[in-house]
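See below for the structure under consideration.
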Amino acid sequence: MFQYVMESDTGKKREVNEDRVAVLKRPDGLMLALVADGMGGHNAGDVASEMTVAALSELFMDADSEEFESTSSKKRWLDEKIRFINSEVFNYAGDHPECKGMGTTLIAALIEDRFCVICHIGDSRVYTFNGKAEQVTRDHSYVNVLVDNGEISEEEAEDHPKKNWIVRALGTESGIEGEMIELELSDSSYLLICSDGLSNKVSKEEIADIVGTSAVLSQKGKDLVDLANDKGGEDNISFVLLASKAGEV
């Protein structure tokens with residue numbers, strides 16, 4: 001079973017924290033880790049992320065174990081529940097003018113032993129660390145569309161003025177399709193799920209340096225928040241850092 005640390009910091013420049021994070025553990029051993037970065041409306045990003053994380057957490061804890069028996073059933077469960085929650089958030093925004101246009105990114109990671117099924121929407125990210133740092137997800141962003149069409153290079157995308165424009169978010173349209181990823185981790189791996197308040201300020205190499213220290217897991221979490229704030233802290237900084245390595249606390 002993974003050990004984990006969870007952090008959500010408002011940062012140095014924002015007045016409201018629109019991120020939400022959660023880790024749920026069921027009696028049958030299944031875990032669900034969530035990171036949602038809300039946006040849009042009149043300070044309504046926190047409404048979208050809160051609705052999403054709260055609803056998915058409740059559905060997960062109330063579900064029958066049979067719904068998670070296989071990889072395909074895990075994917076189906078995530079897809080169905082996220083489509084349902086997307087409709088709830090979209091309809092809520094339609095009924096509340098102050099929330100018009102709100103939405104949220106989402107990373108939802110279903111974890112059983114060291115096998116993960118991940119649903120990814122937006123530009124929150126998943127990284128693994130096991131000797132080297134690897135970005136598992138690919139941002140659903142405008143600049144990545146440009147890269148895919150050959151209009152700009154990967155290097156140009158890093159500093160593009162529209163880098164933070166995302167092309168997929170939960171709750172902004174009546175329908176949504178999350179990108180599904182399967183992942184199996186080794187005995188000494190780390191899994192990081194984070195909002196762009198961390199990934200935009202701290203490189204994966206810098207994250208790997210902190211994760212690779214001998215500090216306990218809780219200290220590694222504090223060090224990541226501190227580094228993002230030291231480098232500007234312009235956005236909310238939220239993540240779940242999970243360790244499959246024994247002895248982490």
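To be explicit about the labels: the chains of the structure tokens are called A, B, and onward in the order shown, and within each one the residues are counted from 1, while ligands get numbers from 1 in the order they are shown.
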May I have the residues within 12 Å of A:Ser186 as a PDB file with N, CA, C and O atoms, in the first residue's frame, using only C-alpha atoms and disregarding those fewer than 3 positions away in the same chain?
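Result file follows (selection_39.pdb):
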ATOM      1  N   PHE A   2       0.493   2.205  -0.799  1.00  0.00           N
ATOM      2  CA  PHE A   2       1.229   3.459  -0.882  1.00  0.00           C
ATOM      3  C   PHE A   2       1.108   4.266   0.403  1.00  0.00           C
ATOM      4  O   PHE A   2       0.057   4.309   1.043  1.00  0.00           O
ATOM      5  N   ASP A 113      -2.847  -2.053  -5.233  1.00  0.00           N
ATOM      6  CA  ASP A 113      -1.456  -2.486  -5.092  1.00  0.00           C
ATOM      7  C   ASP A 113      -0.564  -1.434  -5.762  1.00  0.00           C
ATOM      8  O   ASP A 113      -0.562  -0.299  -5.342  1.00  0.00           O
ATOM      9  N   ARG A 114       0.163  -1.818  -6.814  1.00  0.00           N
ATOM     10  CA  ARG A 114       1.014  -0.834  -7.503  1.00  0.00           C
ATOM     11  C   ARG A 114       0.541  -0.569  -8.936  1.00  0.00           C
ATOM     12  O   ARG A 114       1.269  -0.033  -9.752  1.00  0.00           O
ATOM     13  N   PHE A 115      -0.698  -0.956  -9.204  1.00  0.00           N
ATOM     14  CA  PHE A 115      -1.276  -0.727 -10.523  1.00  0.00           C
ATOM     15  C   PHE A 115      -2.246   0.439 -10.459  1.00  0.00           C
ATOM     16  O   PHE A 115      -3.073   0.526  -9.551  1.00  0.00           O
ATOM     17  N   CYS A 116      -2.151   1.350 -11.426  1.00  0.00           N
ATOM     18  CA  CYS A 116      -2.978   2.556 -11.433  1.00  0.00           C
ATOM     19  C   CYS A 116      -3.741   2.674 -12.748  1.00  0.00           C
ATOM     20  O   CYS A 116      -3.201   2.411 -13.819  1.00  0.00           O
ATOM     21  N   THR A 128       6.112  10.145 -12.632  1.00  0.00           N
ATOM     22  CA  THR A 128       6.677   9.052 -11.853  1.00  0.00           C
ATOM     23  C   THR A 128       8.169   9.311 -11.650  1.00  0.00           C
ATOM     24  O   THR A 128       8.821   9.960 -12.476  1.00  0.00           O
ATOM     25  N   PHE A 129       8.690   8.781 -10.549  1.00  0.00           N
ATOM     26  CA  PHE A 129      10.103   8.928 -10.226  1.00  0.00           C
ATOM     27  C   PHE A 129      10.624   7.574  -9.755  1.00  0.00           C
ATOM     28  O   PHE A 129      10.165   7.034  -8.747  1.00  0.00           O
ATOM     29  N   ASN A 130      11.552   7.040 -10.530  1.00  0.00           N
ATOM     30  CA  ASN A 130      12.166   5.757 -10.188  1.00  0.00           C
ATOM     31  C   ASN A 130      13.538   5.722 -10.833  1.00  0.00           C
ATOM     32  O   ASN A 130      13.743   5.107 -11.875  1.00  0.00           O
ATOM     33  N   GLY A 131      14.475   6.428 -10.232  1.00  0.00           N
ATOM     34  CA  GLY A 131      15.792   6.586 -10.839  1.00  0.00           C
ATOM     35  C   GLY A 131      15.821   7.764 -11.789  1.00  0.00           C
ATOM     36  O   GLY A 131      16.791   8.509 -11.858  1.00  0.00           O
ATOM     37  N   LEU A 183      -0.887   2.347 -15.598  1.00  0.00           N
ATOM     38  CA  LEU A 183       0.470   2.525 -15.089  1.00  0.00           C
ATOM     39  C   LEU A 183       0.742   1.483 -14.011  1.00  0.00           C
ATOM     40  O   LEU A 183      -0.100   1.252 -13.133  1.00  0.00           O
ATOM     41  N   SER A 189       9.035   3.174  -6.321  1.00  0.00           N
ATOM     42  CA  SER A 189       8.626   4.298  -7.161  1.00  0.00           C
ATOM     43  C   SER A 189       7.899   5.367  -6.354  1.00  0.00           C
ATOM     44  O   SER A 189       7.367   5.111  -5.271  1.00  0.00           O
ATOM     45  N   TYR A 190       7.878   6.556  -6.926  1.00  0.00           N
ATOM     46  CA  TYR A 190       7.037   7.641  -6.432  1.00  0.00           C
ATOM     47  C   TYR A 190       6.091   8.057  -7.548  1.00  0.00           C
ATOM     48  O   TYR A 190       6.465   8.048  -8.727  1.00  0.00           O
ATOM     49  N   LEU A 191       4.887   8.431  -7.152  1.00  0.00           N
ATOM     50  CA  LEU A 191       3.870   8.937  -8.078  1.00  0.00           C
ATOM     51  C   LEU A 191       3.464  10.322  -7.593  1.00  0.00           C
ATOM     52  O   LEU A 191       3.080  10.480  -6.430  1.00  0.00           O
ATOM     53  N   ALA A 243       4.313   7.220  -2.331  1.00  0.00           N
ATOM     54  CA  ALA A 243       5.532   6.421  -2.340  1.00  0.00           C
ATOM     55  C   ALA A 243       5.199   4.952  -2.157  1.00  0.00           C
ATOM     56  O   ALA A 243       4.465   4.583  -1.233  1.00  0.00           O
ATOM     57  N   SER A 244       5.727   4.114  -3.028  1.00  0.00           N
ATOM     58  CA  SER A 244       5.567   2.672  -2.846  1.00  0.00           C
ATOM     59  C   SER A 244       6.716   2.085  -2.036  1.00  0.00           C
ATOM     60  O   SER A 244       6.704   0.913  -1.688  1.00  0.00           O
ATOM     61  N   LYS A 245       7.680   2.933  -1.706  1.00  0.00           N
ATOM     62  CA  LYS A 245       8.853   2.512  -0.936  1.00  0.00           C
ATOM     63  C   LYS A 245       8.468   2.326   0.532  1.00  0.00           C
ATOM     64  O   LYS A 245       7.869   3.209   1.143  1.00  0.00           O
ATOM     65  N   ALA A 246       8.829   1.205   1.107  1.00  0.00           N
ATOM     66  CA  ALA A 246       8.510   0.937   2.515  1.00  0.00           C
ATOM     67  C   ALA A 246       9.240   1.928   3.430  1.00  0.00           C
ATOM     68  O   ALA A 246      10.362   2.342   3.152  1.00  0.00           O
TER      69      ALA A 246
END
Which polymer residues have any atom within 8 Å of an atom of stretch 122-126 of chain A, counting only C-alpha atoms, with same-chain residues fewer than 6 positions away left out, as a compact mmCIF listing (two decimals) with N, CA and C atoms, in the first residue's frame?
# COMPACT_ATOMS: atom_id res chain seq x y z
N VAL A 35 -6.72 15.30 -7.85
CA VAL A 35 -6.26 16.69 -7.89
C VAL A 35 -7.11 17.41 -8.93
N ALA A 36 -7.74 18.51 -8.51
CA ALA A 36 -8.58 19.32 -9.40
C ALA A 36 -8.19 20.78 -9.25
N ASP A 37 -7.99 21.44 -10.37
CA ASP A 37 -7.58 22.86 -10.41
C ASP A 37 -8.71 23.64 -11.09
N THR A 104 -12.97 22.76 -14.28
CA THR A 104 -11.82 22.31 -13.50
C THR A 104 -11.02 21.28 -14.29
N THR A 105 -9.73 21.27 -14.07
CA THR A 105 -8.92 20.15 -14.52
C THR A 105 -9.19 18.99 -13.57
N LEU A 106 -8.76 17.81 -13.94
CA LEU A 106 -8.90 16.67 -13.05
C LEU A 106 -7.87 15.61 -13.35
N ILE A 107 -7.23 15.14 -12.30
CA ILE A 107 -6.50 13.88 -12.34
C ILE A 107 -7.16 12.97 -11.31
N GLN A 135 7.29 12.35 -17.13
CA GLN A 135 5.95 12.91 -17.17
C GLN A 135 5.03 11.92 -17.86
N VAL A 136 4.00 11.48 -17.15
CA VAL A 136 3.10 10.44 -17.66
C VAL A 136 2.00 11.04 -18.53
N THR A 137 1.46 12.17 -18.11
CA THR A 137 0.37 12.81 -18.84
C THR A 137 0.90 13.84 -19.82
N ARG A 138 0.07 14.17 -20.78
CA ARG A 138 0.37 15.24 -21.74
C ARG A 138 -0.74 16.28 -21.63
N ASP A 139 -0.38 17.53 -21.40
CA ASP A 139 -1.37 18.58 -21.17
C ASP A 139 -2.35 18.69 -22.33
N HIS A 140 -3.62 18.84 -21.98
CA HIS A 140 -4.64 19.16 -22.98
C HIS A 140 -4.64 20.67 -23.16
N SER A 141 -3.67 21.17 -23.90
CA SER A 141 -3.43 22.61 -24.00
C SER A 141 -3.36 23.07 -25.46
N ASN A 164 -0.74 28.43 -20.96
CA ASN A 164 -1.71 27.99 -19.95
C ASN A 164 -3.14 27.87 -20.49
N ILE A 166 -5.99 25.90 -21.83
CA ILE A 166 -6.31 24.48 -21.94
C ILE A 166 -7.51 24.29 -22.86
N VAL A 167 -7.53 23.15 -23.54
CA VAL A 167 -8.56 22.89 -24.53
C VAL A 167 -9.56 21.82 -24.06
N ARG A 168 -9.35 21.31 -22.85
CA ARG A 168 -10.28 20.35 -22.29
C ARG A 168 -10.38 20.57 -20.78
N ALA A 169 -11.60 20.73 -20.27
CA ALA A 169 -11.81 20.91 -18.84
C ALA A 169 -13.15 20.32 -18.46
N LEU A 191 4.89 8.43 -7.15
CA LEU A 191 3.87 8.94 -8.08
C LEU A 191 3.46 10.32 -7.59
N LEU A 192 3.59 11.31 -8.48
CA LEU A 192 3.21 12.68 -8.14
C LEU A 192 2.06 13.12 -9.02
N ILE A 193 0.98 13.57 -8.40
CA ILE A 193 -0.17 14.14 -9.10
C ILE A 193 -0.26 15.60 -8.68
N CYS A 194 -0.19 16.54 -9.63
CA CYS A 194 -0.07 17.95 -9.23
C CYS A 194 -0.81 18.89 -10.14
N SER A 195 -1.18 20.05 -9.60
CA SER A 195 -1.72 21.14 -10.39
C SER A 195 -0.57 21.91 -11.03
N ASP A 196 -0.90 22.80 -11.98
CA ASP A 196 0.17 23.51 -12.69
C ASP A 196 0.84 24.58 -11.83
N SER A 199 3.91 22.43 -11.32
CA SER A 199 4.66 22.04 -12.52
C SER A 199 5.13 23.23 -13.35
At what distance in Å, to one decimal, does atom CA of A:Met61 lie from atom CA of A:Ala93?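 Atom-to-atom, atom CA of A:Ala93 to atom CA of A:Met61, that is 25.8 Å.
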As a ChimeraX atom specification, please: all residues of stretch 60-242 of chain A that backbone DSSP puts in alpha helix (DSSP H). /A:60-62,71-95,142-148,154-158,196-199,204-211,217-230
If you count only C-alpha atoms, which residues fall within 12 Å of A:Asp230, apart from same-chain ones fewer than 4 positions away, as a PyMOL selection string? chain A and resi 11-13+198+201-202+223-226+234+237
Once you have the residues from the selection above, write them out as a CSV table (one decimal), in the first residue's frame, restricted to N, CA, C and O atoms.
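Generated file (out-v6.csv):
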chain,number,residue,atom,x,y,z
A,11,GLY,N,-0.4,29.7,-2.3
A,11,GLY,CA,0.6,30.5,-3.0
A,11,GLY,C,0.8,31.9,-2.5
A,11,GLY,O,0.1,32.3,-1.5
A,12,LYS,N,1.6,32.6,-3.1
A,12,LYS,CA,2.0,34.0,-2.6
A,12,LYS,C,1.2,35.1,-3.2
A,12,LYS,O,1.2,36.2,-2.7
A,13,LYS,N,0.5,34.8,-4.3
A,13,LYS,CA,-0.2,35.9,-5.1
A,13,LYS,C,-1.7,35.8,-5.1
A,13,LYS,O,-2.4,36.8,-5.3
A,198,LEU,N,2.4,23.9,-9.3
A,198,LEU,CA,3.7,23.2,-9.0
A,198,LEU,C,4.5,23.0,-10.3
A,198,LEU,O,5.7,23.5,-10.4
A,201,LYS,N,6.3,26.0,-12.0
A,201,LYS,CA,7.4,26.7,-11.3
A,201,LYS,C,8.6,25.8,-11.0
A,201,LYS,O,9.7,26.3,-10.9
A,202,VAL,N,8.3,24.5,-10.9
A,202,VAL,CA,9.4,23.5,-10.5
A,202,VAL,C,9.5,22.5,-11.6
A,202,VAL,O,8.5,21.8,-11.9
A,223,ASP,N,8.9,20.7,1.2
A,223,ASP,CA,10.0,21.3,0.4
A,223,ASP,C,9.5,21.6,-1.0
A,223,ASP,O,10.0,22.6,-1.6
A,224,LEU,N,8.6,20.8,-1.5
A,224,LEU,CA,8.1,21.1,-2.9
A,224,LEU,C,7.3,22.4,-2.8
A,224,LEU,O,7.4,23.3,-3.7
A,225,VAL,N,6.4,22.6,-1.8
A,225,VAL,CA,5.6,23.8,-1.7
A,225,VAL,C,6.6,25.0,-1.5
A,225,VAL,O,6.4,26.0,-2.2
A,226,ASP,N,7.6,24.8,-0.7
A,226,ASP,CA,8.5,26.0,-0.4
A,226,ASP,C,9.2,26.4,-1.7
A,226,ASP,O,9.4,27.6,-1.9
A,234,GLU,N,3.0,32.2,-7.9
A,234,GLU,CA,1.9,33.0,-8.5
A,234,GLU,C,0.6,32.3,-8.5
A,234,GLU,O,-0.5,32.9,-8.7
A,237,ILE,N,-0.8,25.9,-5.3
A,237,ILE,CA,0.2,24.8,-5.4
A,237,ILE,C,-0.4,23.6,-4.7
A,237,ILE,O,-0.5,23.5,-3.5
Closest of A:Glu158, A:Glu88, A:Glu112, A:Glu206 to A:Glu182, counting only C-alpha atoms, is A:Glu112
